[in-house]
Amino acid sequence: MTPLKPGAASYAPAPEAAPAPRRTTRRALGLLAAVGLLACVTAASIALGAKSVPLGDVWQGLFQYSGTDNDVVVRDVRLPRTVLGLLCGGALGLAGAVMQALTRNPLADPGLLGVNAGASAAVVSAISFFHVSSLSGYVWYAFLGAALVSVLVYALGGTRSATPVRLALAGTAVSAALFGYINAVQLLDTAALDRMRFWSVGSLASANPEVIRQVLPFIATGVLLALALARPLNAIALGEDTARALGTRVNHTRVLAMLAVTLLCGAATAACGPIVFVGLMVPHIVRAITGPDARWILPYATVLSPVLLLGADVIGRLVTRPSELQVGIVTSLIGGPVFIYLVRRRKMAQL
Amino acid sequence: MTTPRPLAGKARTTRARDLVLRTRGGLSVRADLRAAAVVLALVLLALATGVVLVGTGDFPMTPAEVLSTLAGNGSVAQEFIVRDLRLPRVLVALLVGVALGLAGAVFQAISRNPLGSPDIIGFGQGSAAGALTVIVLFQGSSFAVAGGAVVGGLLTGVGVYLLAWRGGIHGYRLVLVGIGAAAVLSAVNGYLLTRADIVDAARAVLWLTGSLNGRGWDEFWPLLVACAALLPLTVAHARPLRMLEMGDEAAGALGVRVERTRLVLVLCATLLTASATAAAGPIAFVALTAPQLARRLTRAAGPNLLPAAGMGALLMVVSDFLAQWAFGDRQLPVGAVTGVLGGCYLLWLLFVERKAGRI
C-alpha cells in the first residue's frame, strides 16, 4: 500500500482539460512509472525475508548461479514465490477491474463477492470426495467453482435493482455459506483438513515452478481476453442501451468477460488460496490516476495489483520474522479499512 | 381496566384475526392472532424437540421418562444424565437460538435488508476475535473466554457504529462498514491462530466452529440473565422499530426518536449476539434465517421479534439434533450444521428475493 502512494500522488492531479495527446503521454508515462514500481517491489520480494539477501547476491543468484546459500534461497524459494505473486496479483486485480466495469458496481471484487470462496469449496470437495491430490487435478474444480459463483453473483449483480450494498451483502452471505460447507467437510474428513489447511489461508509460501507452469496458461489467456475487452467494457459503462446503440455486442462481451474473470480468479485461487480485497482496492486507486477509461484502467490494474500483493507478502514476511504472516491475512488487514473508507465517502456507489 | 374487543368491521385497517386491547386512557395494543399462534407453536415445538433431544444418546430415554425425571421422579442414573449432562446443553441451545433470532430480526429491520444479520456484518467475528485473544494471548479460563467474547462483540458494535456515523446512521452504511470490519477481524483471527501454539490453536478452532459440546450450567446462567434483561427491552422497542422500517423520515414524522431508538436496539442486539457467541461460539446463519422463516409463517409486516426468537430456538435444537445423530457415530459441531442448512436456505432466499427485486 505505502509504495503505491508516491506514484498515485504524482499522477493523480492530471488536469481534466488537458489536450488529448498530452493526457495520453501522461498516462503512458504513469504506466511506465508503475512498471518501475513493480520492478522495485519484485526486487524487494526476492531480497527480503527471514534471511535478507543483498541485491548484488540477488543478481548473482538470478543470472550467475553458483550454488551458494544465497543463490539457493533466491532461485528455489524467493523466485518462484515472487513469480507466483506477480501472476496471481495481476490476475486478481484485473479480474476485479473487469468485474467492476461489467457490473457497473464499485464494490465488485472476486473475493468479496464469493468467487474465491466458490473455488475453495470446489477444491475442498475435490480433495475430500474425489480424492484429487495434485494441483493439476484440482485446478479444474477451482475453475468450476469460480464459474458457478461468478454466474450466480453476476445474475444477482446484473439486475437493475442490484445496488452495491445488495451485491456486497449477497456476496458476503454466499461466502459465509460456502465457508460453512468447507468447515463441515474438513471436520468430517481429517485427511482433507490436513491437506487443505495450508491452502485455505491464502498464501504464496507453497509456490514452486510446477504450480507456476500449471496456472500460467490460464492466467495468460485470461489477461489477454480481459485486455481485449477494454473497448466494449467502456461502452457498457455508458449503460446497456447506449452500448447496444453504439454497436457493442452486449451479451457477447458479458460472456467473454465472465469467462476472463473465471479464468483469472480460478487460476489464482487454485494456486494460492482465497485472497480478498486485491481486486477491490487496486481498480479504485487506478481510477483515481487514469480516470474512467477501461483501456487504461485494465493495464494499470494488471501492473499495480502485483505491487500490492507482493508488497503485502513482503510485509507479512518482515513483521513476524522469522515466521511469517500469510499474504491473505495482510491483504485483508489493509483492504478492510480501504473498503470502509470507500463506503464512508460522500457518494459511495457511483462509478 | 382493559376490555378485549375484537374489532372486526369496526376499523378498516385491522383484520378479523387481530385482537385489539384498549384502555380507557386512550392506549391501545393490537396483537396479531396468527403471529401469537405462531409464537406459541414454535415455542412448543422447540420444547418438544428439546425433550426428545434430552432423551437421545448412548443412554436412550423415552420422552415420558425424560418428563418424569424432570419432575423429579427418575432413578439416580437418569437424574444424573438429564440434570447434569443433557439438560443444560439443550437449554443453552434454546437460549442461544432465542438470542440469535431476536438479534437477527433487529439487525435485518434496521438495515432493511434480509441479509443484514449480525453474523454477516461482523458482530460475530468481533466476539470471536475477543475470545481468540483471550485463548491465545492469555490462555484464559472458559469464563474469561466468554467475557472476552462479550467485550469483543461490544467493541466491534461500538466501532462499527462510530465508523458508520456521518451525521446519523444509515442502515446500508452500517451494513457495509460491518462487512469491512468483518474482513479485518477475520484476518486478525487468522493471525491469532498462526501465533498460537498447537494446544491453544486446537482449542481456538473448536471454539470458532461454534459447538454445544460440553456446555453446562456455567454457560446457561449468564446467558439466561442476558436474555432475561435484553428480551423485554428489545421487545419494548418493537413498535418504533416497525416505524423505522418505513424509513428515517417517515419514522421521524411519526414521532419516533430515530437515532436513539436505533442506538438502543443496536446495543441490545449486539449484546444478545455477544452473549450467544460467548456461550456457544459463533453459530452461523441462525440469525439470518430465523427472522425470515418466522416472517413467512406469520405473514405479518414488521420485525416479528418474538416469532423470530421462537424460530431461532427451534432451529438450534433441530440443528443440534442433526449434528449429533445425522452422521452416524461422527458428531459435528452444531455450527457446521447451521452453516450448511443456512447456506441452502440462503440460495433459495437469494433466488426468491432477487425475483422480487429486494436484493
# chains A, B, ... in the order shown; residues from 1 in each chain; ligands from 1
call {"tool": "interface_residues", "arguments": {"of": "chain B", "to": "chain A", "cutoff": "6 Å", "atoms": "only C-alpha atoms", "output": "list in words"}}
result
Val177, Gly180, Ala183, Val184, Ala187, Ala336, Gly339, Val340, Gly343, Gly357 and Ile359 of chain B
call {"tool": "residues_around", "arguments": {"residues": "Ala271 in chain A", "least_positions_apart": "4", "cutoff": "9 Å", "atoms": "only C-alpha atoms", "output": "ChimeraX atom specification"}}
result
/A:84,88,135,139,199,203-204,206-207,211-212,214-215,266-267
call {"tool": "write_last_selection", "arguments": {"atoms": "N, CA and C atoms", "output": "mmCIF file, in the first residue's frame"}}
result
data_model
loop_
_atom_site.group_PDB
_atom_site.id
_atom_site.type_symbol
_atom_site.label_atom_id
_atom_site.label_comp_id
_atom_site.auth_asym_id
_atom_site.auth_seq_id
_atom_site.Cartn_x
_atom_site.Cartn_y
_atom_site.Cartn_z
ATOM 1 N N LEU A 84 4.919 -16.261 -8.708
ATOM 2 C CA LEU A 84 3.524 -16.605 -8.421
ATOM 3 C C LEU A 84 2.759 -15.375 -7.927
ATOM 4 N N CYS A 88 -0.543 -14.039 -9.746
ATOM 5 C CA CYS A 88 -1.830 -14.030 -9.044
ATOM 6 C C CYS A 88 -2.279 -12.609 -8.748
ATOM 7 N N LEU A 135 -2.276 -30.401 -7.898
ATOM 8 C CA LEU A 135 -2.804 -29.120 -8.349
ATOM 9 C C LEU A 135 -3.430 -29.261 -9.729
ATOM 10 N N VAL A 139 -7.170 -27.819 -10.088
ATOM 11 C CA VAL A 139 -7.343 -26.519 -10.725
ATOM 12 C C VAL A 139 -8.650 -26.495 -11.527
ATOM 13 N N TRP A 199 -3.549 -24.467 2.445
ATOM 14 C CA TRP A 199 -4.001 -23.813 1.223
ATOM 15 C C TRP A 199 -5.045 -22.759 1.529
ATOM 16 N N SER A 203 -1.952 -18.081 0.717
ATOM 17 C CA SER A 203 -0.536 -17.925 0.972
ATOM 18 C C SER A 203 0.247 -18.172 -0.304
ATOM 19 N N LEU A 204 1.376 -17.472 -0.411
ATOM 20 C CA LEU A 204 2.252 -17.699 -1.561
ATOM 21 C C LEU A 204 3.377 -18.660 -1.207
ATOM 22 N N SER A 206 3.675 -21.757 -0.716
ATOM 23 C CA SER A 206 3.809 -23.095 -1.293
ATOM 24 C C SER A 206 4.240 -23.049 -2.757
ATOM 25 N N ALA A 207 4.662 -21.874 -3.226
ATOM 26 C CA ALA A 207 4.961 -21.736 -4.650
ATOM 27 C C ALA A 207 6.114 -22.636 -5.085
ATOM 28 N N VAL A 211 3.725 -25.422 -9.976
ATOM 29 C CA VAL A 211 2.478 -24.674 -9.807
ATOM 30 C C VAL A 211 2.406 -23.555 -10.827
ATOM 31 N N ILE A 212 3.515 -22.834 -10.964
ATOM 32 C CA ILE A 212 3.538 -21.697 -11.890
ATOM 33 C C ILE A 212 3.270 -22.163 -13.307
ATOM 34 N N GLN A 214 1.617 -24.616 -14.247
ATOM 35 C CA GLN A 214 0.240 -25.039 -14.474
ATOM 36 C C GLN A 214 -0.740 -23.882 -14.574
ATOM 37 N N VAL A 215 -0.541 -22.820 -13.766
ATOM 38 C CA VAL A 215 -1.528 -21.740 -13.822
ATOM 39 C C VAL A 215 -1.207 -20.713 -14.904
ATOM 40 N N GLY A 266 -10.138 -18.287 -10.925
ATOM 41 C CA GLY A 266 -9.992 -19.727 -10.691
ATOM 42 C C GLY A 266 -8.525 -20.100 -10.596
ATOM 43 N N ALA A 267 -7.717 -19.617 -11.544
ATOM 44 C CA ALA A 267 -6.303 -19.986 -11.541
ATOM 45 C C ALA A 267 -5.604 -19.415 -10.309
#
call {"tool": "residues_around", "arguments": {"residues": "Ala50 in chain A", "least_positions_apart": "2", "cutoff": "12 Å", "atoms": "only C-alpha atoms", "output": "list in words"}}
result
Ser45, Ile46, Ala47, Leu48, Ser52, Val53, Val73, Val77, Arg78, Val314, Ile315, Gly316, Arg317, Leu318, Val319, Thr320, Arg321, Pro322, Ser323, Glu324 and Leu325 of chain A
call {"tool": "write_last_selection", "arguments": {"atoms": "C-alpha atoms", "output": "PDB file, in the first residue's frame"}}
result
ATOM      1  CA  SER A  45      10.311  -9.568  -2.669  1.00  0.00           C
ATOM      2  CA  ILE A  46      13.320 -11.573  -3.822  1.00  0.00           C
ATOM      3  CA  ALA A  47      15.737  -9.866  -1.445  1.00  0.00           C
ATOM      4  CA  LEU A  48      13.779  -9.560   1.804  1.00  0.00           C
ATOM      5  CA  SER A  52      17.830 -10.974   3.795  1.00  0.00           C
ATOM      6  CA  VAL A  53      19.851 -11.268   0.600  1.00  0.00           C
ATOM      7  CA  VAL A  73      17.408 -19.083  -1.449  1.00  0.00           C
ATOM      8  CA  VAL A  77      12.474 -20.162  -2.676  1.00  0.00           C
ATOM      9  CA  ARG A  78      12.116 -16.498  -3.442  1.00  0.00           C
ATOM     10  CA  VAL A 314       6.943  -8.833   1.895  1.00  0.00           C
ATOM     11  CA  ILE A 315       5.311  -7.053   4.841  1.00  0.00           C
ATOM     12  CA  GLY A 316       3.980 -10.385   6.063  1.00  0.00           C
ATOM     13  CA  ARG A 317       7.469 -11.848   5.893  1.00  0.00           C
ATOM     14  CA  LEU A 318       9.081  -8.926   7.706  1.00  0.00           C
ATOM     15  CA  VAL A 319       6.721  -8.136  10.599  1.00  0.00           C
ATOM     16  CA  THR A 320       6.851 -11.508  12.311  1.00  0.00           C
ATOM     17  CA  ARG A 321      10.358 -12.640  11.412  1.00  0.00           C
ATOM     18  CA  PRO A 322      11.481 -15.406  11.371  1.00  0.00           C
ATOM     19  CA  SER A 323       7.948 -16.812  10.979  1.00  0.00           C
ATOM     20  CA  GLU A 324       5.605 -15.153   8.533  1.00  0.00           C
ATOM     21  CA  LEU A 325       2.110 -13.820   8.124  1.00  0.00           C
TER      22      LEU A 325
END
call {"tool": "select_by_dssp", "arguments": {"residues": "range 303-351 of chain B", "states": "alpha helix (DSSP H)", "output": "ChimeraX atom specification"}}
result
/B:305-325,334-351
call {"tool": "residues_around", "arguments": {"residues": "Tyr161 in chain B", "least_positions_apart": "5", "cutoff": "9 Å", "atoms": "only C-alpha atoms", "output": "PyMOL selection string"}}
result
chain B and resi 156+169+174+177-178+263+266
call {"tool": "write_last_selection", "arguments": {"atoms": "C-alpha atoms", "output": "short mmCIF file (atom, residue, chain, number, x, y, z; two decimals), in the first residue's frame"}}
result
data_model
loop_
_atom_site.label_atom_id
_atom_site.label_comp_id
_atom_site.auth_asym_id
_atom_site.auth_seq_id
_atom_site.Cartn_x
_atom_site.Cartn_y
_atom_site.Cartn_z
CA THR B 156 -16.96 -4.20 17.42
CA ILE B 169 -26.59 6.22 10.86
CA LEU B 174 -23.88 0.26 8.86
CA VAL B 177 -18.88 -0.86 7.34
CA GLY B 178 -19.75 -4.07 9.17
CA LEU B 263 -28.72 3.04 19.22
CA VAL B 266 -28.17 -1.98 18.03
#
call {"tool": "residues_around", "arguments": {"residues": "Gly116 in chain B", "least_positions_apart": "2", "cutoff": "9 Å", "atoms": "only C-alpha atoms", "output": "PDB file with N, CA and C atoms, in the first residue's frame"}}
result
ATOM      1  N   LEU A 169     -23.682  -7.559   0.145  1.00  0.00           N
ATOM      2  CA  LEU A 169     -24.307  -8.438   1.133  1.00  0.00           C
ATOM      3  C   LEU A 169     -24.488  -9.832   0.575  1.00  0.00           C
TER       4      LEU A 169
ATOM      5  N   GLY B 104     -31.011 -11.135  15.071  1.00  0.00           N
ATOM      6  CA  GLY B 104     -31.121 -11.122  13.613  1.00  0.00           C
ATOM      7  C   GLY B 104     -32.305 -10.297  13.154  1.00  0.00           C
ATOM      8  N   PHE B 107     -31.433  -6.571  13.537  1.00  0.00           N
ATOM      9  CA  PHE B 107     -30.483  -6.069  12.551  1.00  0.00           C
ATOM     10  C   PHE B 107     -31.091  -6.040  11.150  1.00  0.00           C
ATOM     11  N   GLN B 108     -31.891  -7.044  10.820  1.00  0.00           N
ATOM     12  CA  GLN B 108     -32.497  -7.044   9.490  1.00  0.00           C
ATOM     13  C   GLN B 108     -33.473  -5.890   9.346  1.00  0.00           C
ATOM     14  N   ALA B 109     -34.183  -5.564  10.446  1.00  0.00           N
ATOM     15  CA  ALA B 109     -35.115  -4.450  10.371  1.00  0.00           C
ATOM     16  C   ALA B 109     -34.356  -3.132  10.255  1.00  0.00           C
ATOM     17  N   ILE B 110     -33.262  -2.994  11.013  1.00  0.00           N
ATOM     18  CA  ILE B 110     -32.517  -1.738  10.980  1.00  0.00           C
ATOM     19  C   ILE B 110     -31.832  -1.537   9.633  1.00  0.00           C
ATOM     20  N   SER B 111     -31.241  -2.617   9.109  1.00  0.00           N
ATOM     21  CA  SER B 111     -30.559  -2.474   7.831  1.00  0.00           C
ATOM     22  C   SER B 111     -31.541  -2.537   6.667  1.00  0.00           C
ATOM     23  N   ARG B 112     -32.760  -2.870   6.946  1.00  0.00           N
ATOM     24  CA  ARG B 112     -33.801  -3.008   5.935  1.00  0.00           C
ATOM     25  C   ARG B 112     -33.349  -3.917   4.796  1.00  0.00           C
ATOM     26  N   ASN B 113     -32.684  -4.972   5.163  1.00  0.00           N
ATOM     27  CA  ASN B 113     -32.256  -5.938   4.160  1.00  0.00           C
ATOM     28  C   ASN B 113     -32.303  -7.322   4.788  1.00  0.00           C
ATOM     29  N   PRO B 114     -32.868  -8.296   4.070  1.00  0.00           N
ATOM     30  CA  PRO B 114     -32.968  -9.635   4.659  1.00  0.00           C
ATOM     31  C   PRO B 114     -31.618 -10.281   4.929  1.00  0.00           C
ATOM     32  N   PRO B 118     -26.372 -10.196  12.112  1.00  0.00           N
ATOM     33  CA  PRO B 118     -25.118  -9.885  12.804  1.00  0.00           C
ATOM     34  C   PRO B 118     -23.945 -10.765  12.386  1.00  0.00           C
ATOM     35  N   ASP B 119     -24.187 -12.021  12.025  1.00  0.00           N
ATOM     36  CA  ASP B 119     -23.037 -12.852  11.667  1.00  0.00           C
ATOM     37  C   ASP B 119     -22.472 -12.459  10.308  1.00  0.00           C
ATOM     38  N   ILE B 120     -23.297 -11.861   9.448  1.00  0.00           N
ATOM     39  CA  ILE B 120     -22.786 -11.425   8.150  1.00  0.00           C
ATOM     40  C   ILE B 120     -22.049 -10.100   8.293  1.00  0.00           C
ATOM     41  N   ILE B 121     -22.538  -9.206   9.154  1.00  0.00           N
ATOM     42  CA  ILE B 121     -21.947  -7.881   9.186  1.00  0.00           C
ATOM     43  C   ILE B 121     -20.978  -7.685  10.344  1.00  0.00           C
ATOM     44  N   TYR B 172     -27.745   1.118   5.430  1.00  0.00           N
ATOM     45  CA  TYR B 172     -26.851   0.488   4.464  1.00  0.00           C
ATOM     46  C   TYR B 172     -25.386   0.719   4.805  1.00  0.00           C
ATOM     47  N   VAL B 175     -24.284  -1.637   7.404  1.00  0.00           N
ATOM     48  CA  VAL B 175     -24.027  -2.969   6.862  1.00  0.00           C
ATOM     49  C   VAL B 175     -22.665  -3.039   6.187  1.00  0.00           C
ATOM     50  N   LEU B 288     -29.653 -15.165  10.551  1.00  0.00           N
ATOM     51  CA  LEU B 288     -30.111 -14.801   9.213  1.00  0.00           C
ATOM     52  C   LEU B 288     -31.439 -15.459   8.877  1.00  0.00           C
TER      53      LEU B 288
END
call {"tool": "atom_distance", "arguments": {"atom1": "CA of Gln292 in chain B", "atom2": "CA of Leu33 in chain B"}}
result
18.9 Å
call {"tool": "closest_residue", "arguments": {"among": "B:Ile179, B:Ala146, B:Leu19, B:Val90", "to": "Val318 in chain B", "atoms": "only C-alpha atoms"}}
result
B:Val90
call {"tool": "select_by_dssp", "arguments": {"residues": "range 23-154 of chain B", "states": "strand (DSSP E)", "output": "number ranges by chain"}}
result
B: 28-32
call {"tool": "write_last_selection", "arguments": {"atoms": "N, CA and C atoms", "output": "PDB file, in the first residue's frame"}}
result
ATOM      1  N   SER B  28     -53.885   1.790  23.286  1.00  0.00           N
ATOM      2  CA  SER B  28     -54.394   0.566  22.672  1.00  0.00           C
ATOM      3  C   SER B  28     -53.224  -0.296  22.232  1.00  0.00           C
ATOM      4  N   VAL B  29     -53.441  -1.591  22.306  1.00  0.00           N
ATOM      5  CA  VAL B  29     -52.433  -2.538  21.860  1.00  0.00           C
ATOM      6  C   VAL B  29     -53.104  -3.492  20.901  1.00  0.00           C
ATOM      7  N   ARG B  30     -52.467  -3.688  19.754  1.00  0.00           N
ATOM      8  CA  ARG B  30     -53.047  -4.615  18.803  1.00  0.00           C
ATOM      9  C   ARG B  30     -52.144  -5.852  18.713  1.00  0.00           C
ATOM     10  N   ALA B  31     -52.738  -7.005  18.801  1.00  0.00           N
ATOM     11  CA  ALA B  31     -51.968  -8.223  18.660  1.00  0.00           C
ATOM     12  C   ALA B  31     -52.498  -9.004  17.476  1.00  0.00           C
ATOM     13  N   ASP B  32     -51.571  -9.537  16.696  1.00  0.00           N
ATOM     14  CA  ASP B  32     -51.960 -10.345  15.556  1.00  0.00           C
ATOM     15  C   ASP B  32     -52.159 -11.773  16.047  1.00  0.00           C
TER      16      ASP B  32
END
call {"tool": "atom_distance", "arguments": {"atom1": "CA of Asp218 in chain B", "atom2": "CA of Ile135 in chain B"}}
result
17.8 Å
call {"tool": "residues_around", "arguments": {"residues": "Arg239 in chain B", "least_positions_apart": "5", "cutoff": "10 Å", "atoms": "only C-alpha atoms", "output": "PyMOL selection string"}}
result
chain B and resi 244+256+302-303
call {"tool": "write_last_selection", "arguments": {"atoms": "N, CA and C atoms", "output": "PDB file, in the first residue's frame"}}
result
ATOM      1  N   LEU B 244     -39.369   2.440  12.014  1.00  0.00           N
ATOM      2  CA  LEU B 244     -38.066   2.660  11.378  1.00  0.00           C
ATOM      3  C   LEU B 244     -37.979   1.944  10.039  1.00  0.00           C
ATOM      4  N   VAL B 256     -41.039   8.988  16.168  1.00  0.00           N
ATOM      5  CA  VAL B 256     -40.019   8.087  16.700  1.00  0.00           C
ATOM      6  C   VAL B 256     -38.711   8.860  16.813  1.00  0.00           C
ATOM      7  N   GLY B 302     -43.567  -5.920   9.592  1.00  0.00           N
ATOM      8  CA  GLY B 302     -42.855  -5.543  10.807  1.00  0.00           C
ATOM      9  C   GLY B 302     -41.766  -6.521  11.151  1.00  0.00           C
ATOM     10  N   PRO B 303     -41.033  -6.253  12.229  1.00  0.00           N
ATOM     11  CA  PRO B 303     -39.853  -7.048  12.521  1.00  0.00           C
ATOM     12  C   PRO B 303     -40.126  -8.447  13.083  1.00  0.00           C
TER      13      PRO B 303
END
call {"tool": "closest_residue", "arguments": {"among": "B:Leu163, B:Leu42, B:Val150, B:Ala35", "to": "Gly97 in chain B", "atoms": "only C-alpha atoms"}}
result
B:Leu42
call {"tool": "closest_residue", "arguments": {"among": "A:Leu92, A:Ala288, A:Leu55, A:Val149", "to": "Gly273 in chain A", "atoms": "only C-alpha atoms"}}
result
A:Leu92
